[in-house]
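> Input structure: input.txt, which contains compact mmCIF, C-alpha atoms and all ligand atoms.
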```
# COMPACT_ATOMS: atom_id res chain seq x y z
CA MET A 4 1.22 -26.35 42.08
CA LYS A 5 0.93 -23.09 40.19
CA ILE A 6 2.17 -22.80 36.60
CA ASP A 7 2.32 -19.33 35.04
CA VAL A 8 3.10 -18.88 31.36
CA LEU A 9 4.55 -15.62 30.06
CA THR A 10 4.04 -15.17 26.31
CA ILE A 11 3.35 -12.62 23.58
CA PHE A 12 0.78 -15.10 22.18
CA PRO A 13 -1.67 -15.75 25.01
CA GLU A 14 -4.28 -16.91 22.46
CA PHE A 15 -2.02 -19.83 21.63
CA PHE A 16 -2.91 -21.35 25.02
CA ARG A 17 -6.64 -20.66 24.90
CA GLU A 18 -7.85 -24.24 25.06
CA VAL A 19 -4.74 -26.31 25.16
CA PHE A 20 -4.91 -26.97 28.91
CA ASP A 21 -8.63 -27.79 28.85
CA PHE A 22 -8.41 -31.46 27.94
CA GLY A 23 -7.82 -34.78 29.60
CA ILE A 24 -5.46 -35.11 32.52
CA ILE A 25 -4.56 -31.40 32.74
CA ARG A 26 -8.19 -30.35 32.70
CA ARG A 27 -8.96 -32.87 35.43
CA ALA A 28 -5.98 -31.73 37.49
CA LYS A 29 -7.17 -28.13 37.20
CA LEU A 30 -10.69 -29.03 38.26
CA ALA A 31 -9.35 -31.03 41.21
CA GLN A 32 -7.19 -28.00 42.14
CA ILE A 33 -4.02 -30.03 41.85
CA VAL A 34 -2.70 -27.36 39.52
CA GLU A 35 -3.58 -23.77 38.67
CA ILE A 36 -2.45 -22.52 35.27
CA ASN A 37 -2.38 -18.82 34.34
CA ILE A 38 -1.43 -17.27 31.03
CA TYR A 39 0.16 -13.81 31.10
CA ASP A 40 0.47 -11.54 28.08
CA LEU A 41 3.96 -10.05 28.07
CA ARG A 42 2.59 -6.91 26.42
CA GLU A 43 0.66 -6.14 29.58
CA PHE A 44 4.00 -5.49 31.27
CA THR A 45 5.32 -2.96 28.77
CA THR A 46 5.35 0.72 29.67
CA ASP A 47 5.55 2.44 26.28
CA LYS A 48 2.62 3.44 24.10
CA GLN A 49 3.51 0.93 21.37
CA ARG A 50 3.75 -1.88 23.94
CA THR A 51 7.15 -2.92 22.62
CA THR A 52 8.44 -6.31 23.71
CA ASP A 53 11.45 -6.63 21.40
CA ASP A 54 14.23 -4.62 19.82
CA ARG A 55 17.24 -5.01 17.51
CA PRO A 56 20.31 -6.76 18.91
CA PHE A 57 23.30 -4.67 19.98
CA GLY A 58 26.26 -5.50 17.76
CA GLY A 59 23.99 -6.06 14.76
CA GLY A 60 22.58 -9.20 13.21
CA ASP A 61 19.25 -10.44 11.99
CA GLY A 62 16.11 -10.72 14.00
CA MET A 63 14.89 -9.20 17.21
CA VAL A 64 15.58 -9.75 20.88
CA PHE A 65 13.11 -9.69 23.75
CA LYS A 66 13.68 -6.65 25.93
CA CYS A 67 14.49 -6.97 29.64
CA GLU A 68 12.01 -4.54 31.05
CA PRO A 69 8.66 -6.23 30.36
CA ILE A 70 10.01 -9.57 31.61
CA PHE A 71 11.44 -8.04 34.81
CA ASN A 72 8.12 -6.24 35.38
CA ALA A 73 6.22 -9.47 34.86
CA ILE A 74 8.35 -11.51 37.24
CA GLU A 75 8.12 -8.79 39.85
CA ARG A 76 4.31 -8.92 39.59
CA ILE A 77 3.97 -12.69 39.32
CA VAL A 78 6.55 -13.74 41.93
CA GLY A 79 6.54 -10.61 44.11
CA THR A 80 10.21 -9.88 43.52
CA CYS A 81 12.75 -9.95 40.73
CA GLU A 82 15.60 -10.62 43.16
CA ARG A 83 16.39 -14.29 42.60
CA LYS A 84 17.66 -14.70 46.15
CA ASN A 85 14.27 -13.57 47.47
CA TYR A 86 12.14 -15.98 45.43
CA PRO A 87 9.87 -18.01 47.72
CA ALA A 88 11.04 -21.61 48.22
CA GLY A 89 9.90 -23.90 45.40
CA THR A 90 9.82 -21.13 42.78
CA GLN A 91 11.31 -21.94 39.39
CA ILE A 92 11.66 -19.37 36.63
CA VAL A 93 12.19 -21.36 33.45
CA LEU A 94 13.29 -19.87 30.15
CA LEU A 95 12.35 -22.05 27.18
CA SER A 96 15.07 -21.85 24.57
CA PRO A 97 17.07 -24.11 22.28
CA GLN A 98 20.16 -23.18 24.37
CA GLY A 99 18.77 -24.82 27.51
CA ARG A 100 19.50 -28.19 29.10
CA VAL A 101 17.48 -30.89 27.41
CA PHE A 102 14.13 -31.76 28.97
CA LYS A 103 13.49 -35.38 29.81
CA GLN A 104 11.38 -37.47 32.18
CA SER A 105 13.86 -37.10 35.04
CA VAL A 106 13.71 -33.30 34.71
CA ALA A 107 9.89 -33.40 34.69
CA LYS A 108 10.04 -35.50 37.87
CA GLU A 109 12.45 -33.03 39.47
CA PHE A 110 9.99 -30.18 38.86
CA ALA A 111 6.97 -32.22 39.94
CA ASP A 112 8.68 -33.20 43.20
CA GLU A 113 10.41 -29.97 44.12
CA ALA A 114 8.60 -26.97 42.64
CA ASN A 115 5.35 -25.43 43.78
CA HIS A 116 5.39 -22.42 41.44
CA ILE A 117 6.80 -22.56 37.93
CA VAL A 118 6.94 -19.56 35.60
CA LEU A 119 7.50 -20.54 31.98
CA ILE A 120 8.96 -17.73 29.88
CA CYS A 121 8.35 -18.33 26.18
CA GLY A 122 11.20 -16.85 24.16
CA ARG A 123 10.77 -15.63 20.59
CA TYR A 124 12.75 -14.25 17.69
CA GLU A 125 16.50 -14.52 18.01
CA GLY A 126 16.38 -14.74 21.76
CA VAL A 127 15.93 -12.95 25.03
CA ASP A 128 18.20 -10.27 26.48
CA GLU A 129 20.77 -12.28 28.43
CA ARG A 130 20.23 -10.17 31.56
CA VAL A 131 16.93 -12.03 31.98
CA ASN A 132 18.94 -15.25 32.21
CA ASP A 133 21.58 -13.69 34.43
CA ALA A 134 19.23 -12.16 36.97
CA LEU A 135 15.87 -13.95 36.89
CA VAL A 136 16.01 -17.41 35.39
CA THR A 137 16.60 -20.45 37.59
CA ASP A 138 16.61 -23.00 34.73
CA GLU A 139 16.96 -22.72 30.95
CA ILE A 140 15.27 -25.65 29.21
CA SER A 141 15.17 -26.95 25.64
CA ILE A 142 12.75 -29.67 24.59
CA GLY A 143 15.14 -31.04 21.99
CA ASP A 144 17.79 -30.32 19.42
CA TYR A 145 15.68 -28.39 16.94
CA VAL A 146 14.58 -24.78 16.71
CA LEU A 147 10.95 -23.87 17.20
CA SER A 148 9.68 -20.46 16.20
CA GLY A 149 8.96 -19.77 19.84
CA GLY A 150 8.94 -21.30 23.29
CA GLU A 151 5.12 -21.75 23.35
CA PRO A 152 4.97 -25.39 22.21
CA ALA A 153 7.81 -26.14 24.63
CA ALA A 154 5.88 -24.58 27.52
CA ILE A 155 2.95 -26.87 26.72
CA VAL A 156 5.25 -29.88 26.67
CA LEU A 157 6.73 -29.03 30.08
CA ALA A 158 3.38 -28.26 31.68
CA ASP A 159 1.86 -31.51 30.42
CA ALA A 160 4.79 -33.73 31.42
CA ILE A 161 5.00 -32.14 34.89
CA VAL A 162 1.29 -31.99 35.74
CA ARG A 163 0.68 -35.68 35.05
CA LEU A 164 3.37 -36.51 37.63
CA LEU A 165 1.74 -34.50 40.42
CA PRO A 166 0.20 -36.59 43.20
CA ASN A 167 -3.34 -37.74 42.26
CA ALA A 168 -3.22 -36.17 38.76
CA LEU A 169 -3.61 -39.55 37.13
CA GLY A 170 -6.75 -41.42 38.07
CA SER A 171 -6.36 -44.60 40.09
CA GLU A 172 -6.85 -46.54 36.84
CA THR A 173 -3.58 -45.23 35.43
CA SER A 174 -0.13 -44.75 36.78
CA ALA A 175 3.07 -43.05 35.72
CA GLU A 176 5.19 -45.90 37.04
CA ASN A 177 5.12 -47.88 33.80
CA ASP A 178 5.52 -44.89 31.52
CA SER A 179 8.32 -44.89 29.03
CA PHE A 180 11.58 -43.64 30.61
CA SER A 181 10.37 -44.01 34.21
CA ASN A 182 12.44 -47.22 34.53
CA GLY A 183 15.00 -46.19 31.93
CA LEU A 184 13.27 -48.13 29.13
CA LEU A 185 10.62 -47.29 26.57
CA ASP A 186 7.20 -48.67 27.41
CA CYS A 187 6.05 -52.06 26.08
CA PRO A 188 3.38 -52.43 23.37
CA TYR A 189 -0.30 -52.67 24.36
CA TYR A 190 -3.36 -54.24 22.71
CA THR A 191 -7.09 -54.10 23.33
CA ARG A 192 -10.15 -55.83 21.90
CA PRO A 193 -10.76 -57.43 19.47
CA PRO A 194 -8.21 -60.25 19.91
CA GLU A 195 -8.03 -60.60 16.14
CA PHE A 196 -8.29 -57.73 13.64
CA ARG A 197 -7.79 -58.13 9.88
CA GLY A 198 -5.84 -61.31 10.50
CA MET A 199 -3.54 -59.69 13.11
CA ARG A 200 -3.69 -61.53 16.41
CA VAL A 201 -2.94 -60.20 19.88
CA PRO A 202 -0.03 -62.20 21.37
CA ASP A 203 -1.43 -65.29 23.18
CA VAL A 204 0.50 -64.54 26.34
CA LEU A 205 -1.66 -61.46 26.96
CA LEU A 206 -4.86 -63.48 26.76
CA ASN A 207 -3.98 -66.32 29.12
CA GLY A 208 -4.16 -64.43 32.43
CA ASN A 209 -0.75 -65.59 33.70
CA HIS A 210 0.47 -62.36 35.26
CA ALA A 211 4.05 -63.42 35.90
CA GLU A 212 4.36 -64.48 32.27
CA ILE A 213 2.74 -61.24 31.09
CA GLU A 214 5.19 -59.18 33.15
CA ARG A 215 8.13 -61.11 31.70
CA TRP A 216 6.77 -60.61 28.16
CA ARG A 217 6.28 -56.88 28.74
CA ARG A 218 9.79 -56.36 29.98
CA GLU A 219 11.19 -58.33 27.04
CA LYS A 220 9.18 -56.25 24.55
CA ALA A 221 10.17 -53.01 26.29
CA LEU A 222 13.81 -54.03 25.90
CA GLU A 223 13.31 -54.95 22.24
CA LYS A 224 11.64 -51.61 21.51
CA THR A 225 14.34 -49.69 23.35
CA LYS A 226 17.06 -51.57 21.46
CA LEU A 227 15.32 -50.77 18.17
CA ASN A 228 14.51 -47.10 18.71
CA ARG A 229 16.70 -45.81 21.56
CA LYS A 230 19.89 -47.82 21.99
CA ASP A 231 21.35 -44.90 23.94
CA LEU A 232 18.93 -45.56 26.81
CA LEU A 233 20.18 -49.11 27.34
CA GLU A 234 23.51 -47.93 28.73
CA GLY A 235 21.91 -47.16 32.07
CA VAL A 236 19.68 -50.23 32.39
CA LYS A 237 20.76 -53.11 34.60
CA SER A 238 19.86 -56.55 33.28
CA GLU A 239 17.18 -58.12 35.41
CA LYS A 240 16.11 -61.73 35.47
N1 LIG B 301 12.39 -22.25 21.53
C1 LIG B 301 12.83 -22.49 20.30
N2 LIG B 301 13.28 -23.74 20.17
C2 LIG B 301 13.11 -24.34 21.38
C3 LIG B 301 13.40 -25.64 21.88
N3 LIG B 301 13.96 -26.58 21.13
N4 LIG B 301 13.11 -25.87 23.17
C4 LIG B 301 12.57 -24.92 23.96
N5 LIG B 301 12.28 -23.69 23.53
C5 LIG B 301 12.56 -23.39 22.25
```
Give the structure from the file, written as structure tokens.

Amino acid sequence: MKIDVLTIFPEFFREVFDFGIIRRAKLAQIVEINIYDLREFTTDKQRTTDDRPFGGGDGMVFKCEPIFNAIERIVGTCERKNYPAGTQIVLLSPQGRVFKQSVAKEFADEANHIVLICGRYEGVDERVNDALVTDEISIGDYVLSGGEPAAIVLADAIVRLLPNALGSETSAENDSFSNGLLDCPYYTRPPEFRGMRVPDVLLNGNHAEIERWRREKALEKTKLNRKDLLEGVKSEK
């Protein structure tokens, strides 16, 4: 998979993809990640990426032209109907549909080239949305000062779902949300720390019992922190 990030703050991404699972996935050529500076696609001397909104109001709006130029260069066309199969042009904005594990899975399964456009200021000229964008995504109901942290969130959540991105020692199957529940609690050595003991069931090697305990704890945690998720979960003996 190829992930391209379009931003006015390329420095923001300097090392963020050079750790852990993403770094390993890059080295194994499971994913290629490129950072593009939006200013490189401007045509005026001042390298202007934004301007005041028509109709008035505070703040600035990203101009169409540099983004159209960038998509034309990165994808080969800025005609949405001509995008190669598996291309997704994603605008990160608080107005988008909310990102969750099922959306990450959708991208991991179906896309082979994702361009993440990091919005800034008051927004992006809506013609970018109308003509170029295939999906507008928000990472939650709060306003960030730009789409950059959101682009990192998407890239991370998607890359770890790509085939072979997680080592054989780990798996995404038990992750929170993958079965509709939050994940269960985990413990490691020592079995007792400052008087706090690891639950006996985890130490006795009875795998059926451990599985039952984990599901029970996952349910408890979900009930405590995310009651809304329980709606969709079938009870299982
Ligand atoms: N840009 C600003 N806020 C955002 C959010 N919540 N999600 C994605 N991009 C954003």
> Go through A:Arg200, A:Thr225, A:Arg55, A:Asp7 one by one, measure the shortest atom-to-atom distance of each to Thr90 of chain A using only C-alpha atoms, and give the residue with the smallest value.
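Comparing A:Arg200, A:Thr225, A:Arg55, A:Asp7 against Thr90 of chain A, the winner is A:Asp7.
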> What residues of the protein or nucleic acid chains come within 6 Å of ligand LIG 301 (chain B) when you use only C-alpha atoms and all ligand atoms? Reply as a ChimeraX atom specification.
/A:95-97,140-150,153
> For atom CA of Ile33 of chain A and atom CA of Val93 of chain A, quote the distance in Å rounded to one decimal.
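Atom-to-atom, atom CA of Ile33 of chain A and atom CA of Val93 of chain A are spaced 20.2 Å apart.
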> Here is a test: counting only C-alpha atoms, which residue of A:Thr191, A:Val64, A:Ile11, A:Leu135 is nearest to Arg50 of chain A?
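For Arg50 of chain A, the nearest of the candidates is A:Ile11.
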> Could you make a table, as a Markdown table, of the residues of segment 75-115 of chain A that have an atom within 7 Å of an atom of segment 158-172 of chain A, each with its nearest atom pair and distance in Å to one decimal, counting all atoms listed in the file, in chain and number order?

```
| residue | atom | partner | partner_atom | distance |
| --- | --- | --- | --- | --- |
| A:Ala107 | CA | A:Ile161 | CA | 5.1 |
| A:Lys108 | CA | A:Leu164 | CA | 6.8 |
| A:Phe110 | CA | A:Ile161 | CA | 6.7 |
| A:Ala111 | CA | A:Ile161 | CA | 5.4 |
```
> So which one's closest to Lys230 of chain A, A:Gly62, A:Gly183, A:Pro87, A:Gly79? Using all atoms listed in the file, please.
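That would be A:Gly183, the residue with the smallest distance to Lys230 of chain A.
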> What's the separation between atom CA of Arg17 of chain A and atom CA of Glu151 of chain A, in Å to one decimal place?
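Going from atom CA of Arg17 of chain A over to atom CA of Glu151 of chain A covers 11.9 Å.
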> Excluding Glu129 of chain A and any residue of its chain fewer than 5 positions from it, enumerate the residues within 12 Å of it, using all atoms listed in the file, and give them as a ChimeraX atom specification.
/A:56-57,64-68,70,94,96,98,122,134-136,139
> Rank nothing, just name the residue among A:Cys187, A:Arg192, A:Ala73, A:Leu227 nearest to Arg215 of chain A, using all atoms listed in the file.
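Closest residue, counting all atoms listed in the file: A:Cys187.
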> Quick one: distance from atom CA of Phe44 of chain A to atom CA of Thr80 of chain A in Å, one decimal?
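Atom-to-atom, atom CA of Phe44 of chain A to atom CA of Thr80 of chain A, that is 14.4 Å.
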> Kindly indicate which residue among A:Thr51, A:Thr45, A:Asn115, A:Asn132 lies nearest to Met4 of chain A, using only C-alpha atoms for the distances.
A:Asn115
> Closest to Ile38 of chain A among A:Ile25, A:Ile120, A:Ile92, A:Val101, using all atoms listed in the file?
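Of A:Ile25, A:Ile120, A:Ile92, A:Val101, the one nearest Ile38 of chain A, counting all atoms listed in the file, is A:Ile120.
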> Could you pull the residues within 6 Å of Asp40 of chain A, counting all atoms listed in the file, minus those fewer than 3 positions along the same chain, as a PyMOL selection string?
chain A and resi 10-11+13+43
> Show me, as a PyMOL selection string, the residues that have an atom within 10 Å of segment 19-22 of chain A when counting only C-alpha atoms, minus same-chain residues fewer than 4 positions from it.
chain A and resi 14-15+26-30+36+155+158-159
> Need to verify the contact set: Asn177 of chain A, 10 Å, only C-alpha atoms, exclusion of same-chain residues closer than 5 positions in sequence. Can you return it as an MDAnalysis selection string?
chainID A and resid 182 184:187
> Excluding Pro194 of chain A and any residue of its chain fewer than 4 positions from it, enumerate the residues within 12 Å of it, using only C-alpha atoms, and give them as a list in words.
Tyr189, Tyr190, Gly198, Met199, Arg200, Val201, Pro202, Asp203, Val204, Leu205, Leu206 and Asn207 of chain A
